Amino acid sequence: MALLLVVILSCKEKTSQRMTAQQIVDKSIEVCGGERYKTSDISFKFRDKEYVSETVNGQKVLKRIFTSDSLVTVDIKSPNGFTRKVDGKPVKVMDSLARVYSNSINSVHYFAYLPYGLNDPAVNKEYLGEITINGKDFYKIKVTFDQENGGDDFDDVYVYWFNTETFIPEYLAYEFHVNGGGIRFREAYNERYVNGIRFVDYNNFKSVKDSQSISKIDSLFMKNELELLSKIELEEISVNPGNYN
């Protein structure tokens, strides 16, 4: 009986080792939306602003739309750069602010469509092993970015926890360096699929101790030693499917 148990555990270990970080991410993207991420136009509301992702002349264009003092502002991030329109008229924005606005728009869209962005060219993925959280097993993967094409925050570090059965990313953490830096840990909830694409909301936690490492943030979560900072909630999600053929 003991020998049989050893064989079973050995087979499980070998099976896990066959899955690379890239294979896990590929499978996750497939079950969370796959090609629909590329071909769909998507819109949602987040904190009183509307965010839109649409394909224009074969290229993805990201928008942020909001109203202030009865004026409608549309911020547009495209492969050609950043532009702002107020009530339909172009408005000049300083380069420094344009970069801030572009990063903000990109960040909201990036988190909304995870895990899709994990296959961007500048992304590096490292398999860290398996871990159990709240009775479920997860693949733990570290993500870093190349400086080239990695954006202004290329030195940020992310960790994702993918369910070993469903390949769904149920947790993520990131270490950032702007505005004094810090670590955040996000717990997904309210999972729903809209026209085949998975969306979630997040409980957004921070460590009460500044010296904590991102590699140990999951153990702090399991010991209830993280502080709930905010909730990340998407509303009025709309997905206009494209051509999958």
# chains A, B, ... in the order shown; residues from 1 in each chain; ligands from 1
call {"tool": "select_by_dssp", "arguments": {"residues": "region 4-227 of chain A", "states": "alpha helix (DSSP H)", "output": "number ranges by chain"}}
result
A: 4-18, 21-32, 36-39, 95-112, 217-222
call {"tool": "write_last_selection", "arguments": {"atoms": "C-alpha atoms", "output": "JSON list (two decimals), in the first residue's frame"}}
result
[["chain", "number", "residue", "atom", "x", "y", "z"],
["A", 4, "LEU", "CA", 1.33, 2.36, -4.33],
["A", 5, "LEU", "CA", 1.01, 5.71, -2.54],
["A", 6, "VAL", "CA", 4.59, 6.61, -3.45],
["A", 7, "VAL", "CA", 3.92, 5.75, -7.12],
["A", 8, "ILE", "CA", 0.74, 7.86, -7.18],
["A", 9, "LEU", "CA", 2.47, 10.84, -5.60],
["A", 10, "SER", "CA", 5.41, 10.45, -7.98],
["A", 11, "CYS", "CA", 3.08, 10.42, -11.01],
["A", 12, "LYS", "CA", 1.30, 13.52, -9.77],
["A", 13, "GLU", "CA", 4.61, 15.29, -9.31],
["A", 14, "LYS", "CA", 5.76, 14.36, -12.81],
["A", 15, "THR", "CA", 2.45, 15.51, -14.28],
["A", 16, "SER", "CA", 2.83, 18.87, -12.58],
["A", 17, "GLN", "CA", 6.39, 19.21, -13.82],
["A", 18, "ARG", "CA", 5.30, 18.66, -17.42],
["A", 21, "ALA", "CA", 4.56, 28.44, -16.94],
["A", 22, "GLN", "CA", 3.82, 29.20, -20.60],
["A", 23, "GLN", "CA", 1.56, 26.16, -20.96],
["A", 24, "ILE", "CA", -0.37, 27.08, -17.83],
["A", 25, "VAL", "CA", -0.91, 30.64, -19.04],
["A", 26, "ASP", "CA", -1.91, 29.45, -22.53],
["A", 27, "LYS", "CA", -4.49, 27.09, -21.03],
["A", 28, "SER", "CA", -5.80, 29.80, -18.74],
["A", 29, "ILE", "CA", -6.27, 32.26, -21.59],
["A", 30, "GLU", "CA", -8.08, 29.55, -23.56],
["A", 31, "VAL", "CA", -10.62, 28.82, -20.80],
["A", 32, "CYS", "CA", -11.10, 32.51, -19.92],
["A", 36, "ARG", "CA", -12.54, 36.35, -28.17],
["A", 37, "TYR", "CA", -10.16, 38.76, -26.43],
["A", 38, "LYS", "CA", -8.69, 39.64, -29.83],
["A", 39, "THR", "CA", -11.87, 39.89, -31.84],
["A", 95, "ASP", "CA", 3.58, 64.85, -22.71],
["A", 96, "SER", "CA", 4.07, 64.13, -19.00],
["A", 97, "LEU", "CA", 0.33, 64.06, -18.36],
["A", 98, "ALA", "CA", -0.33, 62.09, -21.53],
["A", 99, "ARG", "CA", 2.00, 59.39, -20.22],
["A", 100, "VAL", "CA", 0.20, 59.33, -16.85],
["A", 101, "TYR", "CA", -3.21, 59.11, -18.51],
["A", 102, "SER", "CA", -2.04, 56.40, -20.93],
["A", 103, "ASN", "CA", -0.64, 54.29, -18.09],
["A", 104, "SER", "CA", -3.84, 54.66, -16.10],
["A", 105, "ILE", "CA", -6.02, 53.61, -19.06],
["A", 106, "ASN", "CA", -3.77, 50.68, -19.87],
["A", 107, "SER", "CA", -3.74, 49.51, -16.23],
["A", 108, "VAL", "CA", -7.53, 49.34, -15.91],
["A", 109, "HIS", "CA", -7.91, 47.49, -19.21],
["A", 110, "TYR", "CA", -5.00, 45.16, -18.37],
["A", 111, "PHE", "CA", -6.55, 43.96, -15.10],
["A", 112, "ALA", "CA", -10.03, 43.69, -16.61],
["A", 217, "ILE", "CA", 2.13, 37.44, 0.48],
["A", 218, "ASP", "CA", -0.01, 34.30, 0.02],
["A", 219, "SER", "CA", 0.95, 32.99, 3.47],
["A", 220, "LEU", "CA", -0.06, 36.33, 5.01],
["A", 221, "PHE", "CA", -3.41, 36.10, 3.23],
["A", 222, "MET", "CA", -4.01, 32.60, 4.61]]
call {"tool": "residues_around", "arguments": {"residues": "region 69-74 of chain A", "least_positions_apart": "2", "cutoff": "12 Å", "atoms": "only C-alpha atoms", "output": "MDAnalysis selection string"}}
result
chainID A and resid 49:52 62:67 76:77 82:91 101 105
call {"tool": "residues_around", "arguments": {"residues": "Ser40 (chain A)", "least_positions_apart": "6", "cutoff": "12 Å", "atoms": "only C-alpha atoms", "output": "ChimeraX atom specification"}}
result
/A:33-34,52-56,58-61,113,194-197,238-244
call {"tool": "closest_residue", "arguments": {"among": "A:Lys206, A:His177, A:Lys92, A:Lys216", "to": "Lys140 (chain A)", "atoms": "only C-alpha atoms"}}
result
A:Lys216
call {"tool": "atom_distance", "arguments": {"atom1": "CA of Ser215 (chain A)", "atom2": "CA of Tyr160 (chain A)"}}
result
10.7 Å
call {"tool": "select_by_dssp", "arguments": {"residues": "region 91-161 of chain A", "states": "strand (DSSP E)", "output": "list of chain:residue names"}}
result
A:Val91, A:Val123, A:Asn124, A:Lys125, A:Glu126, A:Tyr127, A:Leu128, A:Gly129, A:Glu130, A:Ile131, A:Thr132, A:Ile133, A:Lys136, A:Asp137, A:Phe138, A:Tyr139, A:Lys140, A:Ile141, A:Lys142, A:Val143, A:Thr144, A:Phe145, A:Val157, A:Tyr158, A:Val159, A:Tyr160, A:Trp161
call {"tool": "atom_distance", "arguments": {"atom1": "CA of Lys231 (chain A)", "atom2": "CA of Arg47 (chain A)"}}
result
10.4 Å
call {"tool": "residues_around", "arguments": {"residues": "region 181-193 of chain A", "least_positions_apart": "4", "cutoff": "6 Å", "atoms": "only C-alpha atoms", "output": "list in words"}}
result
Glu170, Tyr171, Leu172, Ala173, Tyr174, Glu175, Phe176, His177, Ile197, Arg198, Phe199, Val200, Asp201, Tyr202, Asn203, Asn204, Phe205 and Lys206 of chain A
call {"tool": "residues_around", "arguments": {"residues": "Phe138 (chain A)", "least_positions_apart": "2", "cutoff": "6 Å", "atoms": "only C-alpha atoms", "output": "list in words"}}
result
Glu130, Ile131, Trp161, Phe162, Asn163 and Thr164 of chain A
